[in-house]
Amino acid sequence: MNSVENSSPTHLETDVLVIGAGGAGMYAALEAARAGVSVILADRSLIGRGGATVMAQMTVAAALGEQTPNHWEYHLADTLAAGRGLCDERLAALLCEDGPQRLREMDEWKVGWAREDGHIKQAQAPGHDRPRCAYVDFLSTGPAVSKTLRTRLKSASGVRLIGDLAIVDIVVQDGEACGAVALHLPTGRAVTLAAKAVIIATGGLTGLYRRNSASANMAGDGYALALRAGAELIDMEFVQFFPIGHLAPRLIGMDPIMWDPFRYKLGGRLLNSERQEFETTYASEDSRSDGRYVLTRDLATYAITKEVEAGRGSPAGGAYLSFRHVPEAEIRRAFGPVVDRLLANGIDLARQDVEVAPIAHYTMGGVRVDETLQTRIPGLYAGGEVVGGANGANRLSGNAITEALVFGARAGFNAAERAKARNLCWSAEAARPVLGLLRSATKRDAPNPSAAIAGLQTVMADKVGPFRTEAKLRSALSSILQLSQEIGNVPLSTGAAFDTTMVDWLDLRSMLLVARSVAEAALTRSESRGAHQREDQPRLSEDWCVNQIISLSQGGISLRRIAPANGRPVA
Amino acid sequence: MKTTLRIRRGSAGETPRFEEFDVAFEPGQSVLDGLRMVRRLIDPTLAYRYSCINANACKECMMLIDGTVDYACTVRLKQGVMTLAPLPKKALIRDLVTEIAPPDERL
Ligand SMILES: Cc1cc2nc3c(=O)[nH]c(=O)nc-3n(C[C@H](O)[C@H](O)[C@H](O)COP(=O)(O)OP(=O)(O)OC[C@H]3O[C@@H](n4cnc5c(N)ncnc54)[C@H](O)[C@@H]3O)c2cc1C
Ligand code: FES
């Protein structure tokens, strides 16, 4: 018997329920509260701590135009180019047009954007045609964004913050979202939440992969919540791998993608085990090079993967990144306090190389929404990285935090407008199946769910990673099916408070569904485009200038195609 | 290299017990890396809090490590025995998990 079974659920009511307290969720809650409705902001972790936002250390892109003349349409042009024909232009335009307003509001709220000569300073990042990326020194962008929003929330009226509350399913009555069912981790109690509108702001899915930049809460809950509620997903085959994620030696207290700015500023060298610089070879030989920058993210990922496959990888299975040719004083001038943080980790860049490898970093695909950020289920909205479509087949650096702030704010506002016009329509009947699932949990001899998660991450990394083939994808799908059978339909539980076993089981239930969505979409797309690279289909195909839409039908996944320009079906 | 994690376990209201887990590690790995290995390889029921793993940004993994309050993700594993216990001044939930959320951010 577990604690869910012991007690009747706690019931809460609110106008707007926001799931996930990252940049998107916190902005959504603020904006909904500003519109005058009551809000519950729930997170499976602590408020403002659990996701990618607090970990991001780099930049936020927006056409502020204070430093260099800029217009949001230039930003849009770059975003669309990176998306290789697949962006939902309405969403991409929203991101670029609202970006400056959100960054300025954050500035008023004292986020502390780095300044120069009285204006917000903006750096230039690859793929952007001009300096467009604001940041908070030193490598403090995400923590500053999180803290600023969290501080605002503390004084916002009508917002209730609840941490340690994992949302297990959205409740849908008569085709409309009417709330959710959650598991309260400290007590193991089920909680029902009635709401007039629900916003999914649960972040990305990179935790599906073995090497990733994810937190423990980023294995893709939101995609599964949306699918099971009847909403659609779009572009799920597009997962961005960051080519030079930190691999070794063990480094703590730093963002694993931190080597990017080091490379821009100091020009680090990528070397294989024979200490050859291999990047340029691939840049000139490979037809995939788009000629715009030396090596795009996709191409750098390709080059490192191929070197490792050819037996020329570094000891930990990646490539060496070396700054030993850069004078020590220059390294210190460029990165001051960060150099000390590295030294505290036992890494002396002037004397020692580090090892890097591609890591899963961001999810372009996601929940399909219209320009009001609403899914096809009325009352169910999405905001932040969990939304699909704005970035198409690849994302520009700096666009993700902007997307979180912009989409979060828009979803919050629109959800509030809906809530104002309606009454609560909670249905205990509609909540019954998921409450039943939680109650059915048993203690039993079964596979260690934590090990099963690690197993799935290995399958995804090896078979659904940056370079795919039909054979690998089919093999991944059969492993996913087998894992699903092994974990069964009845949750595992220890019956104790903070039931890690049950949480792992519930995570697996969602991860397997989302993993399947990624693999199925990747298998069907028989071409290479942006972040989706098929070794057996290496060319971009005009026929594939379409988005793939995923939905659930009778427990199975079904795929259909639409034209990016107008969202109309394509045969 | 090998370390023995001696972990104080039990829920609020129970008599606490110590359990020992041996984990193999590489130099530089954190206590949190060790705890994650325990869950994956030995006992999936072990409870501890963490989110960010590498970034030391979430500040959720605080516990008593060899008698000192510290982050499990920044303290390195060392050879021999390391003793882990929940934060002494916070209400215990289970094993290494305590109630650390501000009161107005709880259910
Ligand atoms: C290490 C790192 C560095 C990055 N650097 C940059 C950068 O420099 N610039 C940039 O633009 N982008 C960057 N990105 C991407 C960017 O940070 C994210 O896309 C963005 O912050 C996502 O915000 P979000 O609010 O959508 O999600 P998140 O910030 O990930 O928040 C999601 C929240 O939802 C919660 N949650 C999940 N599931 C549930 C559930 N079932 N119930 C309740 N709560 C749930 C999680 O605990 C989490 O708190 C980086 C990402 C990472 C991982
Ligand atoms: S795991 Fe986030 S600070 Fe330790």
# chains A, B, ... in the order shown; residues from 1 in each chain; ligands from 1
>>> interface_residues(of="chain A", to="chain B", cutoff="6 Å", atoms="only C-alpha atoms", output="PyMOL selection string")
chain A and resi 49-50+55+161-163+215-216+250+252-255+450-451+500-501
>>> residues_near_ligand(ligand="ligand 1", cutoff="7 Å", atoms="only C-alpha atoms and all ligand atoms", output="ChimeraX atom specification")
/A:19-25,42-45,47-61,142,165-168,201-204,213-215,217-218,220-222,255-257,361-362,383-386,397-402,404
>>> residues_around(residues="region 81-91 of chain B", least_positions_apart="6", cutoff="8 Å", atoms="only C-alpha atoms", output="PDB file with N, CA and C atoms, in the first residue's frame")
ATOM      1  N   THR B   3      35.087   4.269  -2.793  1.00  0.00           N
ATOM      2  CA  THR B   3      34.708   4.961  -1.568  1.00  0.00           C
ATOM      3  C   THR B   3      33.536   4.230  -0.948  1.00  0.00           C
ATOM      4  N   THR B   4      33.429   4.329   0.361  1.00  0.00           N
ATOM      5  CA  THR B   4      32.262   3.776   1.036  1.00  0.00           C
ATOM      6  C   THR B   4      31.420   4.947   1.520  1.00  0.00           C
ATOM      7  N   LEU B   5      30.191   5.030   0.988  1.00  0.00           N
ATOM      8  CA  LEU B   5      29.282   6.077   1.444  1.00  0.00           C
ATOM      9  C   LEU B   5      28.469   5.508   2.602  1.00  0.00           C
ATOM     10  N   ARG B   6      28.626   6.122   3.764  1.00  0.00           N
ATOM     11  CA  ARG B   6      27.887   5.693   4.958  1.00  0.00           C
ATOM     12  C   ARG B   6      26.754   6.700   5.109  1.00  0.00           C
ATOM     13  N   ILE B   7      25.526   6.249   4.839  1.00  0.00           N
ATOM     14  CA  ILE B   7      24.411   7.190   4.672  1.00  0.00           C
ATOM     15  C   ILE B   7      23.356   7.001   5.754  1.00  0.00           C
ATOM     16  N   ARG B   8      22.959   8.107   6.375  1.00  0.00           N
ATOM     17  CA  ARG B   8      21.891   8.025   7.370  1.00  0.00           C
ATOM     18  C   ARG B   8      20.550   7.970   6.658  1.00  0.00           C
ATOM     19  N   ARG B   9      19.764   6.949   6.988  1.00  0.00           N
ATOM     20  CA  ARG B   9      18.508   6.743   6.264  1.00  0.00           C
ATOM     21  C   ARG B   9      17.312   6.667   7.194  1.00  0.00           C
ATOM     22  N   ALA B  12      10.903  10.695   8.535  1.00  0.00           N
ATOM     23  CA  ALA B  12      10.574  11.424   9.755  1.00  0.00           C
ATOM     24  C   ALA B  12       9.836  10.483  10.697  1.00  0.00           C
ATOM     25  N   MET B  62      22.233  20.355  -0.763  1.00  0.00           N
ATOM     26  CA  MET B  62      22.938  20.551   0.511  1.00  0.00           C
ATOM     27  C   MET B  62      22.650  19.423   1.493  1.00  0.00           C
ATOM     28  N   MET B  63      23.693  18.967   2.157  1.00  0.00           N
ATOM     29  CA  MET B  63      23.546  17.926   3.179  1.00  0.00           C
ATOM     30  C   MET B  63      24.742  17.997   4.112  1.00  0.00           C
ATOM     31  N   LEU B  64      24.763  17.120   5.096  1.00  0.00           N
ATOM     32  CA  LEU B  64      25.883  17.079   6.022  1.00  0.00           C
ATOM     33  C   LEU B  64      26.879  16.050   5.486  1.00  0.00           C
ATOM     34  N   ILE B  65      28.059  16.525   5.096  1.00  0.00           N
ATOM     35  CA  ILE B  65      29.064  15.621   4.531  1.00  0.00           C
ATOM     36  C   ILE B  65      30.243  15.569   5.491  1.00  0.00           C
ATOM     37  N   ASP B  66      30.475  14.413   6.071  1.00  0.00           N
ATOM     38  CA  ASP B  66      31.496  14.268   7.122  1.00  0.00           C
ATOM     39  C   ASP B  66      31.366  15.379   8.165  1.00  0.00           C
ATOM     40  N   GLY B  67      30.155  15.655   8.558  1.00  0.00           N
ATOM     41  CA  GLY B  67      29.916  16.588   9.657  1.00  0.00           C
ATOM     42  C   GLY B  67      29.817  18.049   9.260  1.00  0.00           C
ATOM     43  N   VAL B  69      28.134  21.048   6.637  1.00  0.00           N
ATOM     44  CA  VAL B  69      27.085  21.333   5.650  1.00  0.00           C
ATOM     45  C   VAL B  69      27.755  21.745   4.337  1.00  0.00           C
ATOM     46  N   VAL B  97      16.809  13.841   2.339  1.00  0.00           N
ATOM     47  CA  VAL B  97      15.914  14.923   1.908  1.00  0.00           C
ATOM     48  C   VAL B  97      15.296  15.621   3.116  1.00  0.00           C
ATOM     49  N   THR B  98      15.426  16.936   3.150  1.00  0.00           N
ATOM     50  CA  THR B  98      14.789  17.730   4.198  1.00  0.00           C
ATOM     51  C   THR B  98      13.896  18.772   3.550  1.00  0.00           C
ATOM     52  N   GLU B  99      13.092  19.424   4.366  1.00  0.00           N
ATOM     53  CA  GLU B  99      12.192  20.466   3.878  1.00  0.00           C
ATOM     54  C   GLU B  99      12.989  21.765   3.763  1.00  0.00           C
ATOM     55  N   ILE B 100      13.423  22.106   2.556  1.00  0.00           N
ATOM     56  CA  ILE B 100      14.257  23.301   2.414  1.00  0.00           C
ATOM     57  C   ILE B 100      13.547  24.439   1.678  1.00  0.00           C
TER      58      ILE B 100
END
>>> closest_residue(among="A:Ala496, A:Arg333, A:Ala77, A:Leu12", to="Glu14 (chain B)", atoms="only C-alpha atoms")
A:Ala496
>>> select_by_dssp(residues="chain B", states="helix (DSSP H, G or I)", output="PyMOL selection string")
chain B and resi 31-41+103-105
>>> residues_around(residues="Arg332 (chain A)", least_positions_apart="4", cutoff="12 Å", atoms="only C-alpha atoms", output="VMD selection string")
chain A and resid 262 265 to 266 323 326 to 328 336 to 343 348 to 350
>>> write_last_selection(atoms="C-alpha atoms", output="PDB file, in the first residue's frame")
ATOM      1  CA  PHE A 262      36.200  30.796 -24.841  1.00  0.00           C
ATOM      2  CA  LYS A 265      37.329  35.125 -27.759  1.00  0.00           C
ATOM      3  CA  LEU A 266      40.505  33.050 -27.663  1.00  0.00           C
ATOM      4  CA  PHE A 323      44.172  26.906 -25.326  1.00  0.00           C
ATOM      5  CA  VAL A 326      47.164  31.441 -25.896  1.00  0.00           C
ATOM      6  CA  PRO A 327      49.261  33.579 -23.520  1.00  0.00           C
ATOM      7  CA  GLU A 328      48.189  33.135 -19.903  1.00  0.00           C
ATOM      8  CA  GLY A 336      38.948  36.824 -15.093  1.00  0.00           C
ATOM      9  CA  PRO A 337      37.016  35.080 -12.321  1.00  0.00           C
ATOM     10  CA  VAL A 338      36.107  32.123 -14.516  1.00  0.00           C
ATOM     11  CA  VAL A 339      39.782  31.206 -14.759  1.00  0.00           C
ATOM     12  CA  ASP A 340      39.828  30.898 -10.972  1.00  0.00           C
ATOM     13  CA  ARG A 341      36.734  28.720 -10.982  1.00  0.00           C
ATOM     14  CA  LEU A 342      38.500  26.464 -13.475  1.00  0.00           C
ATOM     15  CA  LEU A 343      41.642  26.384 -11.342  1.00  0.00           C
ATOM     16  CA  ASP A 348      44.877  25.210 -15.765  1.00  0.00           C
ATOM     17  CA  LEU A 349      44.047  26.187 -19.342  1.00  0.00           C
ATOM     18  CA  ALA A 350      47.483  27.598 -20.054  1.00  0.00           C
TER      19      ALA A 350
END
>>> residues_around(residues="Ser314 (chain A)", least_positions_apart="5", cutoff="12 Å", atoms="only C-alpha atoms", output="PyMOL selection string")
chain A and resi 247-249+270-276+304-305+307-309+319-321+353-357
>>> write_last_selection(atoms="N, CA, C and O atoms", output="PDB file, in the first residue's frame")
ATOM      1  N   LEU A 247      33.515  17.404 -21.268  1.00  0.00           N
ATOM      2  CA  LEU A 247      33.510  15.961 -21.034  1.00  0.00           C
ATOM      3  C   LEU A 247      34.437  15.584 -19.876  1.00  0.00           C
ATOM      4  O   LEU A 247      34.062  14.852 -18.962  1.00  0.00           O
ATOM      5  N   ALA A 248      35.675  16.045 -19.904  1.00  0.00           N
ATOM      6  CA  ALA A 248      36.638  15.678 -18.876  1.00  0.00           C
ATOM      7  C   ALA A 248      37.734  16.744 -18.823  1.00  0.00           C
ATOM      8  O   ALA A 248      37.966  17.425 -19.823  1.00  0.00           O
ATOM      9  N   PRO A 249      38.441  16.897 -17.695  1.00  0.00           N
ATOM     10  CA  PRO A 249      38.174  16.255 -16.397  1.00  0.00           C
ATOM     11  C   PRO A 249      36.872  16.765 -15.780  1.00  0.00           C
ATOM     12  O   PRO A 249      36.348  17.791 -16.208  1.00  0.00           O
ATOM     13  N   LEU A 270      40.667  22.496 -31.686  1.00  0.00           N
ATOM     14  CA  LEU A 270      40.129  21.153 -31.485  1.00  0.00           C
ATOM     15  C   LEU A 270      41.118  20.154 -32.050  1.00  0.00           C
ATOM     16  O   LEU A 270      41.487  20.214 -33.221  1.00  0.00           O
ATOM     17  N   LEU A 271      41.542  19.193 -31.210  1.00  0.00           N
ATOM     18  CA  LEU A 271      42.563  18.231 -31.635  1.00  0.00           C
ATOM     19  C   LEU A 271      42.069  16.816 -31.424  1.00  0.00           C
ATOM     20  O   LEU A 271      41.318  16.541 -30.480  1.00  0.00           O
ATOM     21  N   ASN A 272      42.518  15.888 -32.275  1.00  0.00           N
ATOM     22  CA  ASN A 272      42.201  14.486 -32.049  1.00  0.00           C
ATOM     23  C   ASN A 272      43.329  13.831 -31.243  1.00  0.00           C
ATOM     24  O   ASN A 272      44.268  14.515 -30.814  1.00  0.00           O
ATOM     25  N   SER A 273      43.226  12.515 -31.056  1.00  0.00           N
ATOM     26  CA  SER A 273      44.213  11.847 -30.188  1.00  0.00           C
ATOM     27  C   SER A 273      45.614  11.896 -30.803  1.00  0.00           C
ATOM     28  O   SER A 273      46.607  11.731 -30.115  1.00  0.00           O
ATOM     29  N   GLU A 274      45.671  12.126 -32.125  1.00  0.00           N
ATOM     30  CA  GLU A 274      46.991  12.271 -32.763  1.00  0.00           C
ATOM     31  C   GLU A 274      47.441  13.735 -32.733  1.00  0.00           C
ATOM     32  O   GLU A 274      48.415  14.106 -33.386  1.00  0.00           O
ATOM     33  N   ARG A 275      46.704  14.524 -32.018  1.00  0.00           N
ATOM     34  CA  ARG A 275      46.974  15.953 -31.834  1.00  0.00           C
ATOM     35  C   ARG A 275      46.956  16.719 -33.152  1.00  0.00           C
ATOM     36  O   ARG A 275      47.682  17.682 -33.352  1.00  0.00           O
ATOM     37  N   GLN A 276      46.077  16.263 -34.042  1.00  0.00           N
ATOM     38  CA  GLN A 276      45.881  16.993 -35.298  1.00  0.00           C
ATOM     39  C   GLN A 276      44.638  17.860 -35.181  1.00  0.00           C
ATOM     40  O   GLN A 276      43.625  17.420 -34.631  1.00  0.00           O
ATOM     41  N   ILE A 304      33.614  15.767 -34.809  1.00  0.00           N
ATOM     42  CA  ILE A 304      34.069  15.088 -33.579  1.00  0.00           C
ATOM     43  C   ILE A 304      33.578  13.648 -33.560  1.00  0.00           C
ATOM     44  O   ILE A 304      34.337  12.716 -33.271  1.00  0.00           O
ATOM     45  N   THR A 305      32.301  13.441 -33.910  1.00  0.00           N
ATOM     46  CA  THR A 305      31.752  12.090 -33.915  1.00  0.00           C
ATOM     47  C   THR A 305      32.561  11.181 -34.840  1.00  0.00           C
ATOM     48  O   THR A 305      32.879  10.040 -34.504  1.00  0.00           O
ATOM     49  N   GLU A 307      35.703  11.548 -35.882  1.00  0.00           N
ATOM     50  CA  GLU A 307      37.048  11.296 -35.350  1.00  0.00           C
ATOM     51  C   GLU A 307      36.998  10.195 -34.295  1.00  0.00           C
ATOM     52  O   GLU A 307      37.854   9.302 -34.266  1.00  0.00           O
ATOM     53  N   VAL A 308      35.996  10.244 -33.425  1.00  0.00           N
ATOM     54  CA  VAL A 308      35.869   9.224 -32.373  1.00  0.00           C
ATOM     55  C   VAL A 308      35.615   7.858 -33.021  1.00  0.00           C
ATOM     56  O   VAL A 308      36.251   6.862 -32.676  1.00  0.00           O
ATOM     57  N   GLU A 309      34.707   7.826 -34.013  1.00  0.00           N
ATOM     58  CA  GLU A 309      34.409   6.554 -34.695  1.00  0.00           C
ATOM     59  C   GLU A 309      35.648   5.972 -35.374  1.00  0.00           C
ATOM     60  O   GLU A 309      35.814   4.766 -35.463  1.00  0.00           O
ATOM     61  N   ALA A 319      36.979  14.952 -28.130  1.00  0.00           N
ATOM     62  CA  ALA A 319      38.163  15.580 -28.730  1.00  0.00           C
ATOM     63  C   ALA A 319      38.832  16.457 -27.678  1.00  0.00           C
ATOM     64  O   ALA A 319      38.209  16.823 -26.682  1.00  0.00           O
ATOM     65  N   TYR A 320      40.103  16.778 -27.915  1.00  0.00           N
ATOM     66  CA  TYR A 320      40.773  17.728 -27.030  1.00  0.00           C
ATOM     67  C   TYR A 320      40.451  19.139 -27.468  1.00  0.00           C
ATOM     68  O   TYR A 320      40.386  19.431 -28.664  1.00  0.00           O
ATOM     69  N   LEU A 321      40.261  20.009 -26.502  1.00  0.00           N
ATOM     70  CA  LEU A 321      40.164  21.435 -26.780  1.00  0.00           C
ATOM     71  C   LEU A 321      41.351  22.088 -26.083  1.00  0.00           C
ATOM     72  O   LEU A 321      41.541  21.916 -24.877  1.00  0.00           O
ATOM     73  N   ASP A 353      45.006  20.623 -21.675  1.00  0.00           N
ATOM     74  CA  ASP A 353      43.834  20.577 -22.549  1.00  0.00           C
ATOM     75  C   ASP A 353      42.646  20.024 -21.773  1.00  0.00           C
ATOM     76  O   ASP A 353      42.818  19.331 -20.790  1.00  0.00           O
ATOM     77  N   VAL A 354      41.449  20.319 -22.265  1.00  0.00           N
ATOM     78  CA  VAL A 354      40.274  19.645 -21.714  1.00  0.00           C
ATOM     79  C   VAL A 354      39.710  18.749 -22.817  1.00  0.00           C
ATOM     80  O   VAL A 354      40.120  18.844 -23.977  1.00  0.00           O
ATOM     81  N   GLU A 355      38.775  17.867 -22.431  1.00  0.00           N
ATOM     82  CA  GLU A 355      38.130  17.017 -23.440  1.00  0.00           C
ATOM     83  C   GLU A 355      36.681  17.459 -23.604  1.00  0.00           C
ATOM     84  O   GLU A 355      36.003  17.748 -22.614  1.00  0.00           O
ATOM     85  N   VAL A 356      36.240  17.507 -24.850  1.00  0.00           N
ATOM     86  CA  VAL A 356      34.873  17.939 -25.154  1.00  0.00           C
ATOM     87  C   VAL A 356      34.199  16.924 -26.088  1.00  0.00           C
ATOM     88  O   VAL A 356      34.881  16.168 -26.777  1.00  0.00           O
ATOM     89  N   ALA A 357      32.879  16.910 -26.072  1.00  0.00           N
ATOM     90  CA  ALA A 357      32.127  16.019 -26.961  1.00  0.00           C
ATOM     91  C   ALA A 357      30.734  16.608 -27.179  1.00  0.00           C
ATOM     92  O   ALA A 357      30.286  17.427 -26.383  1.00  0.00           O
TER      93      ALA A 357
END
>>> select_by_dssp(residues="region 199-341 of chain A", states="strand (DSSP E)", output="NGL selection string")
:A and (199-200 or 233-234 or 239-248 or 269-271 or 319-322)
>>> write_last_selection(atoms="N, CA and C atoms", output="CSV table (one decimal), in the first residue's frame")
chain,number,residue,atom,x,y,z
A,199,ILE,N,-1.1,26.1,-18.3
A,199,ILE,CA,0.1,26.4,-19.2
A,199,ILE,C,1.2,25.4,-18.9
A,200,ILE,N,1.6,24.6,-19.9
A,200,ILE,CA,2.8,23.7,-19.8
A,200,ILE,C,4.0,24.6,-20.1
A,233,LEU,N,2.3,17.4,-31.2
A,233,LEU,CA,3.7,17.8,-31.1
A,233,LEU,C,4.2,18.1,-32.6
A,234,ILE,N,5.2,18.9,-32.7
A,234,ILE,CA,5.7,19.3,-34.0
A,234,ILE,C,7.2,19.2,-34.0
A,239,VAL,N,16.6,17.7,-32.4
A,239,VAL,CA,17.2,17.9,-31.1
A,239,VAL,C,18.6,18.5,-31.4
A,240,GLN,N,18.9,19.6,-30.7
A,240,GLN,CA,20.2,20.3,-31.0
A,240,GLN,C,21.3,19.7,-30.1
A,241,PHE,N,22.4,19.3,-30.7
A,241,PHE,CA,23.5,18.8,-30.0
A,241,PHE,C,24.5,19.9,-30.0
A,242,PHE,N,25.1,20.2,-28.8
A,242,PHE,CA,26.1,21.2,-28.7
A,242,PHE,C,27.4,20.5,-28.9
A,243,PRO,N,28.2,20.9,-29.9
A,243,PRO,CA,29.4,20.1,-30.3
A,243,PRO,C,30.5,20.0,-29.2
A,244,ILE,N,30.7,21.1,-28.5
A,244,ILE,CA,31.9,21.0,-27.6
A,244,ILE,C,31.5,21.1,-26.2
A,245,GLY,N,30.6,20.2,-25.8
A,245,GLY,CA,30.2,20.2,-24.3
A,245,GLY,C,31.3,19.6,-23.5
A,246,HIS,N,31.4,20.1,-22.3
A,246,HIS,CA,32.5,19.6,-21.5
A,246,HIS,C,32.4,18.1,-21.1
A,247,LEU,N,33.5,17.4,-21.3
A,247,LEU,CA,33.5,16.0,-21.0
A,247,LEU,C,34.4,15.6,-19.9
A,248,ALA,N,35.7,16.0,-19.9
A,248,ALA,CA,36.6,15.7,-18.9
A,248,ALA,C,37.7,16.7,-18.8
A,269,ARG,N,41.8,25.4,-30.0
A,269,ARG,CA,42.0,24.4,-31.1
A,269,ARG,C,41.3,23.1,-30.7
A,270,LEU,N,40.7,22.5,-31.7
A,270,LEU,CA,40.1,21.2,-31.5
A,270,LEU,C,41.1,20.2,-32.0
A,271,LEU,N,41.5,19.2,-31.2
A,271,LEU,CA,42.6,18.2,-31.6
A,271,LEU,C,42.1,16.8,-31.4
A,319,ALA,N,37.0,15.0,-28.1
A,319,ALA,CA,38.2,15.6,-28.7
A,319,ALA,C,38.8,16.5,-27.7
A,320,TYR,N,40.1,16.8,-27.9
A,320,TYR,CA,40.8,17.7,-27.0
A,320,TYR,C,40.5,19.1,-27.5
A,321,LEU,N,40.3,20.0,-26.5
A,321,LEU,CA,40.2,21.4,-26.8
A,321,LEU,C,41.4,22.1,-26.1
A,322,SER,N,42.2,22.8,-26.9
A,322,SER,CA,43.4,23.3,-26.3
A,322,SER,C,43.5,24.8,-26.4
>>> closest_residue(among="A:Leu41, A:Arg529, A:Leu94, A:Lys196", to="Arg150 (chain A)", atoms="only C-alpha atoms")
A:Leu41
>>> residues_around(residues="region 550-567 of chain A", least_positions_apart="6", cutoff="8 Å", atoms="only C-alpha atoms", output="ChimeraX atom specification")
/A:85-89,227-228,230-234,517,521
>>> residues_around(residues="Gly34 (chain B)", least_positions_apart="6", cutoff="8 Å", atoms="only C-alpha atoms", output="list in words")
Val23, Phe25 and Leu77 of chain B
>>> write_last_selection(atoms="all heavy atoms", output="compact mmCIF listing (two decimals), in the first residue's frame")
# COMPACT_ATOMS: atom_id res chain seq x y z
N VAL B 23 31.10 2.45 -3.77
CA VAL B 23 31.07 2.84 -5.19
C VAL B 23 32.48 3.08 -5.73
O VAL B 23 33.34 3.62 -5.03
CB VAL B 23 30.22 4.11 -5.45
CG1 VAL B 23 28.75 3.85 -5.25
CG2 VAL B 23 30.66 5.28 -4.60
N PHE B 25 34.96 5.03 -8.18
CA PHE B 25 34.91 6.39 -8.73
C PHE B 25 36.22 6.76 -9.40
O PHE B 25 37.25 6.14 -9.21
CB PHE B 25 34.56 7.40 -7.64
CG PHE B 25 35.67 7.66 -6.65
CD1 PHE B 25 36.49 8.77 -6.78
CD2 PHE B 25 35.89 6.80 -5.58
CE1 PHE B 25 37.52 9.02 -5.87
CE2 PHE B 25 36.92 7.04 -4.67
CZ PHE B 25 37.73 8.15 -4.81
N LEU B 77 34.44 13.03 -4.24
CA LEU B 77 34.55 11.72 -3.59
C LEU B 77 36.00 11.50 -3.20
O LEU B 77 36.92 11.92 -3.90
CB LEU B 77 34.11 10.61 -4.56
CG LEU B 77 32.60 10.50 -4.83
CD1 LEU B 77 32.34 9.48 -5.92
CD2 LEU B 77 31.82 10.15 -3.57
>>> atom_distance(atom1="CA of Gly379 (chain A)", atom2="CA of Val18 (chain A)")
11.8 Å
>>> atom_distance(atom1="CA of Val570 (chain A)", atom2="CA of Asp235 (chain A)")
14.6 Å
>>> closest_residue(among="B:Leu35, B:Cys61, B:Phe21, B:Leu96", to="ligand 2", atoms="only C-alpha atoms and all ligand atoms")
B:Cys61
>>> closest_residue(among="A:Leu405, A:Leu437, A:Leu46, A:Ala82", to="ligand 2", atoms="only C-alpha atoms and all ligand atoms")
A:Leu46
>>> atom_distance(atom1="CA of Leu32 (chain B)", atom2="CA of Asp499 (chain A)")
18.2 Å
